$ cat entry_19.txt   # compact mmCIF, C-alpha atoms and all ligand atoms
# COMPACT_ATOMS: atom_id res chain seq x y z
CA MET A 30 140.66 -61.49 -59.67
CA GLN A 31 137.08 -62.66 -59.57
CA VAL A 32 134.77 -60.56 -57.41
CA ILE A 33 132.07 -62.44 -55.49
CA SER A 34 129.52 -60.52 -53.44
CA CYS A 35 127.22 -61.81 -50.74
CA LEU A 36 124.18 -59.58 -51.03
CA SER A 37 120.66 -60.02 -49.68
CA LEU A 38 118.40 -57.11 -48.82
CA SER A 39 117.35 -58.07 -45.28
CA GLY A 40 119.13 -58.36 -41.97
CA GLY A 41 120.35 -61.70 -40.68
CA MET A 42 120.34 -63.59 -44.00
CA GLY A 43 123.83 -65.06 -43.59
CA LYS A 44 125.81 -62.57 -45.71
CA THR A 45 128.66 -62.20 -43.23
CA THR A 46 128.69 -65.90 -42.35
CA CYS A 47 128.83 -66.84 -46.01
CA SER A 48 131.58 -64.27 -46.78
CA PHE A 49 133.68 -65.43 -43.84
CA PHE A 50 133.53 -69.18 -44.52
CA LEU A 51 133.80 -68.90 -48.30
CA GLY A 52 136.83 -66.61 -48.00
CA LEU A 53 138.46 -68.88 -45.46
CA HIS A 54 137.74 -71.98 -47.55
CA LEU A 55 139.20 -70.47 -50.72
CA SER A 56 142.28 -69.27 -48.82
CA LYS A 57 142.84 -72.78 -47.40
CA LEU A 58 142.71 -74.10 -50.96
CA GLY A 59 145.71 -71.87 -51.65
CA TYR A 60 143.99 -69.01 -53.44
CA LYS A 61 144.89 -65.44 -52.53
CA VAL A 62 141.70 -63.91 -51.18
CA LEU A 63 140.83 -60.29 -50.50
CA MET A 64 137.80 -59.77 -48.24
CA VAL A 65 135.98 -56.44 -48.39
CA ASP A 66 133.75 -55.39 -45.52
CA SER A 67 131.24 -53.02 -47.10
CA ASP A 68 128.84 -53.01 -44.14
CA PRO A 69 129.18 -50.15 -41.62
CA GLN A 70 128.15 -52.68 -38.92
CA SER A 71 131.65 -54.08 -39.65
CA ASN A 72 130.93 -57.61 -38.43
CA LEU A 73 133.32 -59.19 -40.92
CA THR A 74 136.11 -56.87 -39.76
CA PHE A 75 135.38 -57.94 -36.21
CA TYR A 76 135.31 -61.68 -37.01
CA LEU A 77 138.65 -61.39 -38.77
CA SER A 78 139.97 -59.76 -35.58
CA ILE A 79 140.99 -56.54 -37.22
CA GLY A 80 140.84 -53.63 -34.82
CA VAL A 81 140.79 -50.38 -36.77
CA GLU A 82 141.57 -47.11 -35.04
CA ALA A 83 139.56 -44.05 -36.12
CA ASP A 84 142.55 -42.57 -37.97
CA GLU A 85 143.51 -45.77 -39.80
CA PRO A 86 142.53 -46.32 -43.44
CA THR A 87 139.38 -48.30 -44.24
CA LEU A 88 137.08 -48.88 -47.18
CA LEU A 89 135.71 -45.35 -46.73
CA GLU A 90 139.02 -43.69 -47.63
CA ILE A 91 139.44 -46.09 -50.56
CA LEU A 92 136.00 -45.25 -51.98
CA ARG A 93 136.66 -41.54 -51.52
CA LYS A 94 139.99 -41.95 -53.32
CA GLN A 95 141.88 -40.46 -50.38
CA ILE A 96 144.43 -43.30 -50.30
CA GLU A 97 145.96 -45.95 -52.54
CA VAL A 98 143.92 -49.16 -52.36
CA GLU A 99 146.94 -51.11 -51.07
CA GLU A 100 147.15 -48.82 -48.04
CA GLY A 101 143.71 -50.02 -46.92
CA ILE A 102 144.50 -53.74 -47.21
CA TYR A 103 145.33 -55.53 -43.95
CA ALA A 104 146.78 -59.00 -43.41
CA THR A 105 144.64 -61.29 -41.22
CA LYS A 106 145.77 -64.08 -38.90
CA TYR A 107 144.99 -66.56 -41.70
CA SER A 108 147.46 -67.13 -44.49
CA ASN A 109 146.35 -66.10 -48.01
CA LEU A 110 143.56 -63.96 -46.52
CA TRP A 111 143.52 -60.15 -46.48
CA ILE A 112 140.81 -57.64 -45.70
CA ILE A 113 139.76 -54.11 -46.48
CA PRO A 114 137.99 -53.34 -43.20
CA SER A 115 135.23 -50.92 -42.36
CA ASP A 116 133.83 -49.16 -39.34
CA ASP A 117 130.77 -47.01 -38.53
CA ALA A 118 132.23 -44.13 -40.53
CA LEU A 119 131.53 -46.05 -43.74
CA ASN A 120 128.03 -44.54 -43.62
CA GLN A 121 129.65 -41.32 -44.83
CA ALA A 122 130.35 -43.07 -48.13
CA GLN A 123 126.65 -42.91 -49.01
CA GLU A 124 126.74 -39.18 -49.62
CA TYR A 125 130.04 -39.31 -51.50
CA LEU A 126 128.76 -42.09 -53.78
CA SER A 127 125.46 -40.37 -54.53
CA ASN A 128 127.15 -37.02 -55.24
CA SER A 129 129.86 -38.56 -57.41
CA GLY A 130 127.38 -39.22 -60.21
CA MET A 131 129.07 -42.54 -60.94
CA GLY A 132 128.60 -44.33 -57.63
CA ALA A 133 127.87 -47.66 -59.30
CA VAL A 134 131.41 -47.95 -60.69
CA VAL A 135 133.48 -46.50 -57.83
CA MET A 136 134.14 -49.83 -56.07
CA LYS A 137 134.76 -51.65 -59.37
CA LYS A 138 137.36 -49.11 -60.45
CA ARG A 139 139.19 -49.12 -57.15
CA LEU A 140 139.28 -52.93 -56.88
CA ALA A 141 140.60 -53.15 -60.43
CA GLU A 142 143.78 -51.46 -59.17
CA VAL A 143 144.67 -54.52 -57.07
CA SER A 144 143.18 -57.21 -59.28
CA GLN A 145 146.62 -58.65 -60.13
CA MET A 146 147.37 -59.32 -56.45
CA PHE A 147 144.48 -61.69 -55.66
CA ASP A 148 142.58 -64.63 -57.15
CA PHE A 149 139.30 -63.84 -55.45
CA CYS A 150 137.68 -60.86 -53.78
CA ILE A 151 134.73 -61.56 -51.47
CA ILE A 152 132.51 -58.61 -50.56
CA ASP A 153 130.23 -58.68 -47.53
CA SER A 154 127.44 -56.15 -47.98
CA PRO A 155 124.95 -54.23 -45.86
CA PRO A 156 121.31 -55.34 -45.57
CA GLN A 157 119.74 -52.20 -47.03
CA ARG A 158 119.27 -50.96 -50.55
CA SER A 159 121.71 -48.07 -50.53
CA GLN A 160 124.49 -46.39 -52.47
CA ILE A 161 126.86 -48.91 -50.94
CA SER A 162 124.88 -51.92 -52.16
CA LEU A 163 124.74 -50.34 -55.63
CA THR A 164 128.49 -49.86 -55.81
CA VAL A 165 128.97 -53.45 -54.54
CA LEU A 166 126.72 -54.77 -57.31
CA GLY A 167 128.59 -52.71 -59.87
CA ALA A 168 131.85 -54.40 -58.83
CA THR A 169 130.43 -57.93 -58.80
CA ASP A 170 131.31 -60.72 -61.20
CA ARG A 171 129.44 -63.45 -59.30
CA LEU A 172 126.55 -62.71 -56.97
CA LEU A 173 125.66 -65.00 -54.07
CA ILE A 174 122.28 -64.39 -52.47
CA PRO A 175 122.10 -65.92 -49.01
CA ALA A 176 118.55 -66.22 -47.73
CA GLU A 177 117.13 -67.64 -44.54
CA VAL A 178 114.91 -70.66 -45.13
CA SER A 179 111.77 -68.79 -44.04
CA SER A 180 109.20 -66.35 -45.40
CA LYS A 181 111.55 -63.50 -44.48
CA GLY A 182 114.18 -65.15 -46.65
CA ILE A 183 111.85 -65.38 -49.62
CA ASN A 184 111.04 -61.70 -49.23
CA SER A 185 114.76 -60.92 -49.18
CA ILE A 186 115.31 -62.89 -52.41
CA CYS A 187 112.50 -60.91 -54.13
CA ARG A 188 113.88 -57.56 -53.02
CA THR A 189 117.42 -58.50 -54.04
CA LEU A 190 116.38 -59.77 -57.46
CA ASP A 191 114.34 -56.60 -58.05
CA LEU A 192 117.46 -54.55 -57.37
CA VAL A 193 119.56 -56.77 -59.65
CA ASP A 194 116.97 -56.40 -62.42
CA GLU A 195 117.01 -52.62 -62.12
CA GLN A 196 120.79 -52.54 -62.28
CA VAL A 197 120.90 -54.89 -65.27
CA GLU A 198 118.43 -52.60 -67.02
CA ILE A 199 120.73 -49.58 -66.68
CA GLU A 200 123.84 -51.70 -67.40
CA ALA A 201 125.23 -51.17 -63.90
CA PHE A 202 125.41 -54.92 -63.18
CA ALA A 203 127.05 -57.14 -65.73
CA GLY A 204 127.86 -60.11 -63.50
CA LYS A 205 126.18 -63.48 -63.08
CA ILE A 206 124.08 -64.80 -60.24
CA LEU A 207 125.96 -67.73 -58.75
CA GLY A 208 122.90 -68.87 -56.83
CA ILE A 209 120.67 -68.65 -53.81
CA LEU A 210 122.33 -69.93 -50.66
CA PRO A 211 119.65 -71.21 -48.23
CA PHE A 212 120.62 -70.24 -44.70
CA ARG A 213 119.70 -71.95 -41.42
CA GLU A 214 117.95 -74.95 -42.90
CA ARG A 215 116.66 -76.82 -39.85
CA TRP A 216 117.08 -80.50 -39.20
CA VAL A 217 116.09 -82.41 -36.09
CA GLY A 218 118.25 -85.52 -35.99
CA ILE A 219 118.07 -87.02 -39.46
CA ARG A 220 114.83 -85.21 -40.34
CA GLN A 221 114.49 -81.86 -42.06
CA THR A 222 111.76 -79.89 -40.29
CA ARG A 223 108.45 -79.49 -42.11
CA LYS A 224 108.79 -75.69 -42.04
CA SER A 225 112.25 -75.79 -43.64
CA LYS A 226 111.05 -78.21 -46.29
CA GLU A 227 108.06 -75.99 -47.14
CA SER A 228 110.13 -72.80 -47.27
CA LEU A 229 112.73 -74.39 -49.56
CA GLU A 230 109.95 -75.66 -51.82
CA THR A 231 108.44 -72.14 -51.90
CA ILE A 232 111.82 -70.70 -52.93
CA ARG A 233 112.11 -73.32 -55.69
CA LEU A 234 108.56 -72.64 -56.94
CA PHE A 235 109.12 -68.88 -56.81
CA LEU A 236 112.16 -69.19 -59.05
CA GLU A 237 110.35 -71.57 -61.42
CA GLU A 238 107.19 -69.52 -61.69
CA GLU A 239 108.95 -66.20 -62.07
CA SER A 240 107.91 -64.31 -65.16
CA ARG A 241 111.49 -63.13 -65.64
CA PRO A 242 113.07 -65.90 -67.76
CA ALA A 243 116.59 -65.26 -66.42
CA LEU A 244 115.44 -66.24 -62.95
CA LYS A 245 114.49 -69.74 -64.05
CA ARG A 246 118.16 -70.52 -64.44
CA ILE A 247 119.12 -69.42 -60.93
CA LYS A 248 120.59 -72.31 -58.93
CA ILE A 249 119.66 -73.13 -55.39
CA LEU A 250 122.99 -74.02 -53.79
CA PRO A 251 123.45 -76.58 -50.99
CA SER A 252 122.07 -75.17 -47.72
CA LEU A 253 123.86 -73.95 -44.64
CA ILE A 254 122.38 -76.12 -41.93
CA GLU A 255 121.23 -74.41 -38.74
CA SER A 256 123.96 -75.07 -36.21
CA GLU A 257 125.71 -73.19 -33.46
CA GLN A 258 129.03 -74.56 -34.79
CA PHE A 259 129.23 -71.73 -37.36
CA LYS A 260 129.25 -69.11 -34.62
CA LYS A 261 131.67 -71.20 -32.55
CA ALA A 262 134.05 -71.45 -35.50
CA MET A 263 133.86 -67.70 -36.19
CA ASP A 264 134.42 -66.83 -32.54
CA SER A 265 137.33 -69.24 -32.10
CA GLY A 266 138.97 -68.43 -35.44
CA LYS A 267 138.89 -72.11 -36.42
CA THR A 268 137.42 -73.73 -39.49
CA LEU A 269 134.37 -75.99 -39.19
CA GLY A 270 136.63 -78.88 -40.19
CA GLU A 271 139.07 -78.09 -37.40
CA LEU A 272 136.13 -78.22 -34.97
CA GLY A 273 135.28 -81.69 -36.29
CA HIS A 274 132.33 -80.60 -38.46
CA GLU A 275 133.68 -80.96 -41.96
CA ASP A 276 130.19 -82.00 -43.15
CA LEU A 277 128.96 -78.42 -42.53
CA GLU A 278 131.57 -77.12 -44.97
CA TYR A 279 129.89 -78.89 -47.89
CA PRO A 280 128.18 -75.72 -49.32
CA PHE A 281 131.52 -73.87 -49.37
CA GLN A 282 133.27 -76.82 -51.02
CA GLN A 283 130.63 -76.79 -53.77
CA ILE A 284 130.72 -73.01 -54.25
CA SER A 285 134.53 -73.11 -54.37
CA LYS A 286 134.34 -75.78 -57.08
CA LEU A 287 131.98 -73.61 -59.13
CA LEU A 288 134.25 -70.60 -58.69
CA SER A 289 137.50 -72.43 -59.44
CA SER A 290 136.08 -73.81 -62.68
CA SER A 291 134.97 -70.35 -63.82
CA LEU A 292 138.39 -68.96 -62.83
CA VAL A 293 139.96 -71.32 -65.35
CA THR A 294 137.57 -70.26 -68.11
CA THR A 295 137.73 -66.50 -67.46
CA VAL A 296 141.50 -66.16 -67.29
P1 LIG B 1 123.30 -58.49 -41.25
O1 LIG B 1 122.28 -58.18 -42.30
O2 LIG B 1 122.94 -57.97 -39.90
O3 LIG B 1 124.68 -58.08 -41.68
P2 LIG B 1 123.92 -61.16 -42.09
O4 LIG B 1 123.04 -61.32 -43.30
O5 LIG B 1 125.33 -60.82 -42.34
O6 LIG B 1 123.29 -60.09 -41.09
P3 LIG B 1 124.92 -63.17 -40.36
O7 LIG B 1 125.48 -62.16 -39.42
O8 LIG B 1 125.86 -63.93 -41.21
O9 LIG B 1 123.79 -62.50 -41.26
O10 LIG B 1 124.07 -64.26 -39.56
C1 LIG B 1 122.99 -63.89 -38.70
C2 LIG B 1 123.12 -64.61 -37.37
O11 LIG B 1 123.02 -66.02 -37.54
C3 LIG B 1 124.45 -64.38 -36.67
O12 LIG B 1 124.20 -64.11 -35.31
C4 LIG B 1 125.19 -65.67 -36.84
O13 LIG B 1 126.06 -65.93 -35.75
C5 LIG B 1 124.08 -66.68 -36.85
N1 LIG B 1 124.43 -67.88 -37.62
C6 LIG B 1 125.39 -68.00 -38.56
N2 LIG B 1 125.37 -69.22 -39.11
C7 LIG B 1 124.39 -69.90 -38.52
C8 LIG B 1 123.88 -71.22 -38.66
N3 LIG B 1 124.38 -72.05 -39.56
N4 LIG B 1 122.85 -71.59 -37.86
C9 LIG B 1 122.34 -70.72 -36.99
N5 LIG B 1 122.77 -69.46 -36.80
C10 LIG B 1 123.77 -69.06 -37.56
MG MG B 2 126.39 -59.04 -41.96
$ encode --input "entry_19.txt" --output "structure tokens"
Amino acid sequence: MQVISCLSLSGGMGKTTCSFFLGLHLSKLGYKVLMVDSDPQSNLTFYLSIGVEADEPTLLEILRKQIEVEEGIYATKYSNLWIIPSDDALNQAQEYLSNSGMGAVVMKKRLAEVSQMFDFCIIDSPPQRSQISLTVLGATDRLLIPAEVSSKGINSICRTLDLVDEQVEIEAFAGKILGILPFRERWVGIRQTRKSKESLETIRLFLEEESRPALKRIKILPSLIESEQFKKAMDSGKTLGELGHEDLEYPFQQISKLLSSSLVTTV
């Protein structure tokens, strides 16, 4: 099982959107996909229509080792797609992870127990730097950094890469950065807006000019175009293709290709 995390240290960067559509796309290709909602806001859980009662198992109980991992895995309405859901209570994991003394490896160790059951695991993460984001990074093989095409997005990339650097330094992140996924790139008709063009160029220059050599090799993936169709698809439980917007799926097709090729080489 390859673990892919959508992490970006600001709100509204497209983490949940990216997790949802990438997971759905991979599952439609026939891969067995486990989604993990590691955000106490639990938006991914909601979009996958999983209602969790307070006494039902979630990611919290898995991280605290109170249940077997399999007990916290739920089927979704989509075939080949499962989820470990979360709810507000996941905030309680922060204290457990920081007291455990090995918070960075807790998620990795637990997911390893079900690694034979799935081809891919996609983790949606919270927007803050926290014990949860550290344990997510520790479990990650391939990191996707969604970032709005705006100055806020550039700031989020910087903050996320700083965190990655710190974790590499202490050997708590051994994965690879799959790329930056530009989010909400704006087009009016057949024209990309000037603002979007400038922001994308700034992201490109930032990566090129970075003093950290590793960053120069970070890819900028094909953008998610600003469109209300993404929300429509999530709300209706349909794919973008089923809504007649297959063109908007292009970024997920490309990411899936990258992931499938590395699946072949890592097995
Ligand atoms: P948070 O940090 O709060 O978890 P996030 O990084 O997970 O946010 P999303 O929830 O994926 O970000 O997206 C932010 C908002 O943008 C959502 O309201 C979502 O419906 C909307 N959205 C998603 N895709 C698009 C798109 N392509 N164009 C415009 N808006 C979009
Ligand atoms: Mg989210």
$ closest_residue --input "entry_19.txt" --among "A:Gln95, A:Ser56, A:Ser185, A:Ser154" --to "ligand MG 2 (chain B)" --atoms "all atoms listed in the file"
A:Ser154
$ residues_near_ligand --input "entry_19.txt" --ligand "ligand LIG 1 (chain B)" --cutoff "6 Å" --atoms "all atoms listed in the file" --output "list in words"
Ser39, Gly40, Gly41, Met42, Gly43, Lys44, Thr45, Thr46, Pro155, Pro156, Arg213, Leu253, Ile254, Glu255, Ser256, Glu257, Phe259 and Lys260 of chain A
$ closest_residue --input "entry_19.txt" --among "A:Leu190, A:Leu92, A:Ile79, A:Ala122" --to "A:Arg241" --atoms "all atoms listed in the file"
A:Leu190
$ atom_distance --input "entry_19.txt" --atom1 "atom CA of A:Met136" --atom2 "atom CA of A:Ile102"
14.2 Å
$ closest_residue --input "entry_19.txt" --among "A:Leu88, A:Arg246, A:Leu58, A:Ile152" --to "ligand MG 2 (chain B)" --atoms "all atoms listed in the file"
A:Ile152
$ residues_around --input "entry_19.txt" --residues "A:Asp117" --least-positions-apart "6" --cutoff "9 Å" --atoms "only C-alpha atoms" --output "number ranges by chain"
A: 68-71
$ closest_residue --input "entry_19.txt" --among "A:Glu195, A:Glu227, A:Asp66, A:Glu100" --to "ligand MG 2 (chain B)" --atoms "all atoms listed in the file"
A:Asp66
$ atom_distance --input "entry_19.txt" --atom1 "atom CA of A:Glu90" --atom2 "atom CA of A:Phe202"
23.5 Å
$ residues_around --input "entry_19.txt" --residues "A:Trp111" --least-positions-apart "5" --cutoff "7 Å" --atoms "all atoms listed in the file" --output "VMD selection string"
chain A and resid 62 to 64 102 to 105
$ closest_residue --input "entry_19.txt" --among "A:Val178, A:Lys57, A:Leu288, A:Ala133" --to "A:Arg223" --atoms "all atoms listed in the file"
A:Val178
$ closest_residue --input "entry_19.txt" --among "A:Tyr107, A:Phe147, A:Tyr125, A:Tyr76" --to "A:Lys261" --atoms "all atoms listed in the file"
A:Tyr76
$ atom_distance --input "entry_19.txt" --atom1 "atom CA of A:Leu36" --atom2 "atom CA of A:Ser162"
7.8 Å
$ residues_around --input "entry_19.txt" --residues "A:His274" --least-positions-apart "5" --cutoff "10 Å" --atoms "only C-alpha atoms" --output "list of chain:residue names"
A:Gln258, A:Phe259, A:Ala262, A:Thr268, A:Leu269, A:Tyr279
$ residues_around --input "entry_19.txt" --residues "A:Val81" --least-positions-apart "6" --cutoff "9 Å" --atoms "all atoms listed in the file" --output "PyMOL selection string"
chain A and resi 74+87+114-116
$ residues_around --input "entry_19.txt" --residues "A:Met131" --least-positions-apart "6" --cutoff "12 Å" --atoms "only C-alpha atoms" --output "NGL selection string"
:A and (92 or 125 or 137-138 or 160 or 163-164 or 167 or 201)
$ residues_near_point --input "entry_19.txt" --point "(128.0, -67.8, -60.5)" --cutoff "8 Å" --atoms "only C-alpha atoms" --output "ChimeraX atom specification"
/A:170-173,205-208,287-288
$ build_atoms --input "entry_19.txt" --residues "stretch 222-233 of chain A" --atoms "all heavy atoms" --output "PDB file, in the frame of the given file"
ATOM      1  N   THR A 222     113.057 -80.286 -40.856  1.00  0.00           N
ATOM      2  CA  THR A 222     111.760 -79.890 -40.290  1.00  0.00           C
ATOM      3  C   THR A 222     110.769 -79.559 -41.416  1.00  0.00           C
ATOM      4  O   THR A 222     111.177 -79.169 -42.517  1.00  0.00           O
ATOM      5  CB  THR A 222     111.880 -78.657 -39.356  1.00  0.00           C
ATOM      6  OG1 THR A 222     112.292 -77.537 -40.136  1.00  0.00           O
ATOM      7  CG2 THR A 222     112.863 -78.886 -38.223  1.00  0.00           C
ATOM      8  N   ARG A 223     109.486 -79.721 -41.087  1.00  0.00           N
ATOM      9  CA  ARG A 223     108.450 -79.490 -42.110  1.00  0.00           C
ATOM     10  C   ARG A 223     108.516 -78.047 -42.619  1.00  0.00           C
ATOM     11  O   ARG A 223     108.426 -77.783 -43.817  1.00  0.00           O
ATOM     12  CB  ARG A 223     107.073 -79.788 -41.506  1.00  0.00           C
ATOM     13  CG  ARG A 223     105.935 -79.834 -42.521  1.00  0.00           C
ATOM     14  CD  ARG A 223     104.682 -80.444 -41.945  1.00  0.00           C
ATOM     15  NE  ARG A 223     104.289 -79.803 -40.688  1.00  0.00           N
ATOM     16  CZ  ARG A 223     103.577 -78.691 -40.605  1.00  0.00           C
ATOM     17  NH1 ARG A 223     103.170 -78.076 -41.693  1.00  0.00           N
ATOM     18  NH2 ARG A 223     103.262 -78.181 -39.432  1.00  0.00           N
ATOM     19  N   LYS A 224     108.731 -77.113 -41.668  1.00  0.00           N
ATOM     20  CA  LYS A 224     108.790 -75.690 -42.040  1.00  0.00           C
ATOM     21  C   LYS A 224     109.911 -75.413 -43.035  1.00  0.00           C
ATOM     22  O   LYS A 224     109.738 -74.691 -44.021  1.00  0.00           O
ATOM     23  CB  LYS A 224     108.988 -74.831 -40.791  1.00  0.00           C
ATOM     24  CG  LYS A 224     107.755 -74.062 -40.409  1.00  0.00           C
ATOM     25  CD  LYS A 224     108.106 -73.067 -39.358  1.00  0.00           C
ATOM     26  CE  LYS A 224     106.991 -72.054 -39.217  1.00  0.00           C
ATOM     27  NZ  LYS A 224     107.125 -71.234 -38.036  1.00  0.00           N
ATOM     28  N   SER A 225     111.103 -75.994 -42.756  1.00  0.00           N
ATOM     29  CA  SER A 225     112.250 -75.790 -43.640  1.00  0.00           C
ATOM     30  C   SER A 225     111.952 -76.359 -45.023  1.00  0.00           C
ATOM     31  O   SER A 225     112.256 -75.735 -46.049  1.00  0.00           O
ATOM     32  CB  SER A 225     113.493 -76.487 -43.085  1.00  0.00           C
ATOM     33  OG  SER A 225     114.206 -75.631 -42.268  1.00  0.00           O
ATOM     34  N   LYS A 226     111.353 -77.553 -45.025  1.00  0.00           N
ATOM     35  CA  LYS A 226     111.050 -78.210 -46.290  1.00  0.00           C
ATOM     36  C   LYS A 226     110.093 -77.340 -47.120  1.00  0.00           C
ATOM     37  O   LYS A 226     110.300 -77.108 -48.313  1.00  0.00           O
ATOM     38  CB  LYS A 226     110.388 -79.561 -45.985  1.00  0.00           C
ATOM     39  CG  LYS A 226     110.613 -80.589 -47.040  1.00  0.00           C
ATOM     40  CD  LYS A 226     110.093 -81.921 -46.548  1.00  0.00           C
ATOM     41  CE  LYS A 226     110.430 -82.994 -47.555  1.00  0.00           C
ATOM     42  NZ  LYS A 226     110.069 -84.309 -47.081  1.00  0.00           N
ATOM     43  N   GLU A 227     109.061 -76.819 -46.436  1.00  0.00           N
ATOM     44  CA  GLU A 227     108.060 -75.990 -47.140  1.00  0.00           C
ATOM     45  C   GLU A 227     108.680 -74.699 -47.671  1.00  0.00           C
ATOM     46  O   GLU A 227     108.413 -74.286 -48.794  1.00  0.00           O
ATOM     47  CB  GLU A 227     106.896 -75.659 -46.193  1.00  0.00           C
ATOM     48  CG  GLU A 227     105.972 -76.838 -46.002  1.00  0.00           C
ATOM     49  CD  GLU A 227     104.926 -76.588 -44.912  1.00  0.00           C
ATOM     50  OE1 GLU A 227     104.876 -75.469 -44.330  1.00  0.00           O
ATOM     51  OE2 GLU A 227     104.172 -77.536 -44.626  1.00  0.00           O
ATOM     52  N   SER A 228     109.526 -74.069 -46.837  1.00  0.00           N
ATOM     53  CA  SER A 228     110.130 -72.800 -47.270  1.00  0.00           C
ATOM     54  C   SER A 228     111.051 -73.017 -48.468  1.00  0.00           C
ATOM     55  O   SER A 228     111.061 -72.223 -49.416  1.00  0.00           O
ATOM     56  CB  SER A 228     110.934 -72.162 -46.142  1.00  0.00           C
ATOM     57  OG  SER A 228     110.079 -71.782 -45.112  1.00  0.00           O
ATOM     58  N   LEU A 229     111.831 -74.102 -48.430  1.00  0.00           N
ATOM     59  CA  LEU A 229     112.730 -74.390 -49.560  1.00  0.00           C
ATOM     60  C   LEU A 229     111.928 -74.640 -50.835  1.00  0.00           C
ATOM     61  O   LEU A 229     112.286 -74.186 -51.922  1.00  0.00           O
ATOM     62  CB  LEU A 229     113.575 -75.625 -49.264  1.00  0.00           C
ATOM     63  CG  LEU A 229     114.958 -75.372 -48.693  1.00  0.00           C
ATOM     64  CD1 LEU A 229     115.658 -76.685 -48.383  1.00  0.00           C
ATOM     65  CD2 LEU A 229     115.812 -74.550 -49.674  1.00  0.00           C
ATOM     66  N   GLU A 230     110.823 -75.363 -50.670  1.00  0.00           N
ATOM     67  CA  GLU A 230     109.950 -75.660 -51.820  1.00  0.00           C
ATOM     68  C   GLU A 230     109.368 -74.341 -52.365  1.00  0.00           C
ATOM     69  O   GLU A 230     109.281 -74.147 -53.580  1.00  0.00           O
ATOM     70  CB  GLU A 230     108.839 -76.619 -51.348  1.00  0.00           C
ATOM     71  CG  GLU A 230     107.892 -77.117 -52.432  1.00  0.00           C
ATOM     72  CD  GLU A 230     108.592 -77.907 -53.535  1.00  0.00           C
ATOM     73  OE1 GLU A 230     109.780 -78.248 -53.377  1.00  0.00           O
ATOM     74  OE2 GLU A 230     107.951 -78.135 -54.574  1.00  0.00           O
ATOM     75  N   THR A 231     108.992 -73.431 -51.458  1.00  0.00           N
ATOM     76  CA  THR A 231     108.440 -72.140 -51.900  1.00  0.00           C
ATOM     77  C   THR A 231     109.497 -71.357 -52.682  1.00  0.00           C
ATOM     78  O   THR A 231     109.190 -70.731 -53.701  1.00  0.00           O
ATOM     79  CB  THR A 231     107.966 -71.300 -50.690  1.00  0.00           C
ATOM     80  OG1 THR A 231     107.170 -72.138 -49.870  1.00  0.00           O
ATOM     81  CG2 THR A 231     107.179 -70.084 -51.098  1.00  0.00           C
ATOM     82  N   ILE A 232     110.746 -71.408 -52.207  1.00  0.00           N
ATOM     83  CA  ILE A 232     111.820 -70.700 -52.930  1.00  0.00           C
ATOM     84  C   ILE A 232     111.964 -71.303 -54.338  1.00  0.00           C
ATOM     85  O   ILE A 232     112.049 -70.594 -55.343  1.00  0.00           O
ATOM     86  CB  ILE A 232     113.165 -70.800 -52.166  1.00  0.00           C
ATOM     87  CG1 ILE A 232     113.091 -70.029 -50.849  1.00  0.00           C
ATOM     88  CG2 ILE A 232     114.324 -70.276 -53.021  1.00  0.00           C
ATOM     89  CD1 ILE A 232     114.289 -70.190 -49.924  1.00  0.00           C
ATOM     90  N   ARG A 233     111.948 -72.627 -54.397  1.00  0.00           N
ATOM     91  CA  ARG A 233     112.110 -73.320 -55.690  1.00  0.00           C
ATOM     92  C   ARG A 233     110.961 -72.935 -56.645  1.00  0.00           C
ATOM     93  O   ARG A 233     111.188 -72.588 -57.799  1.00  0.00           O
ATOM     94  CB  ARG A 233     112.146 -74.833 -55.461  1.00  0.00           C
ATOM     95  CG  ARG A 233     112.794 -75.621 -56.591  1.00  0.00           C
ATOM     96  CD  ARG A 233     112.819 -77.108 -56.295  1.00  0.00           C
ATOM     97  NE  ARG A 233     111.498 -77.681 -56.053  1.00  0.00           N
ATOM     98  CZ  ARG A 233     110.579 -77.887 -56.990  1.00  0.00           C
ATOM     99  NH1 ARG A 233     110.846 -77.592 -58.242  1.00  0.00           N
ATOM    100  NH2 ARG A 233     109.398 -78.389 -56.682  1.00  0.00           N
TER     101      ARG A 233
END
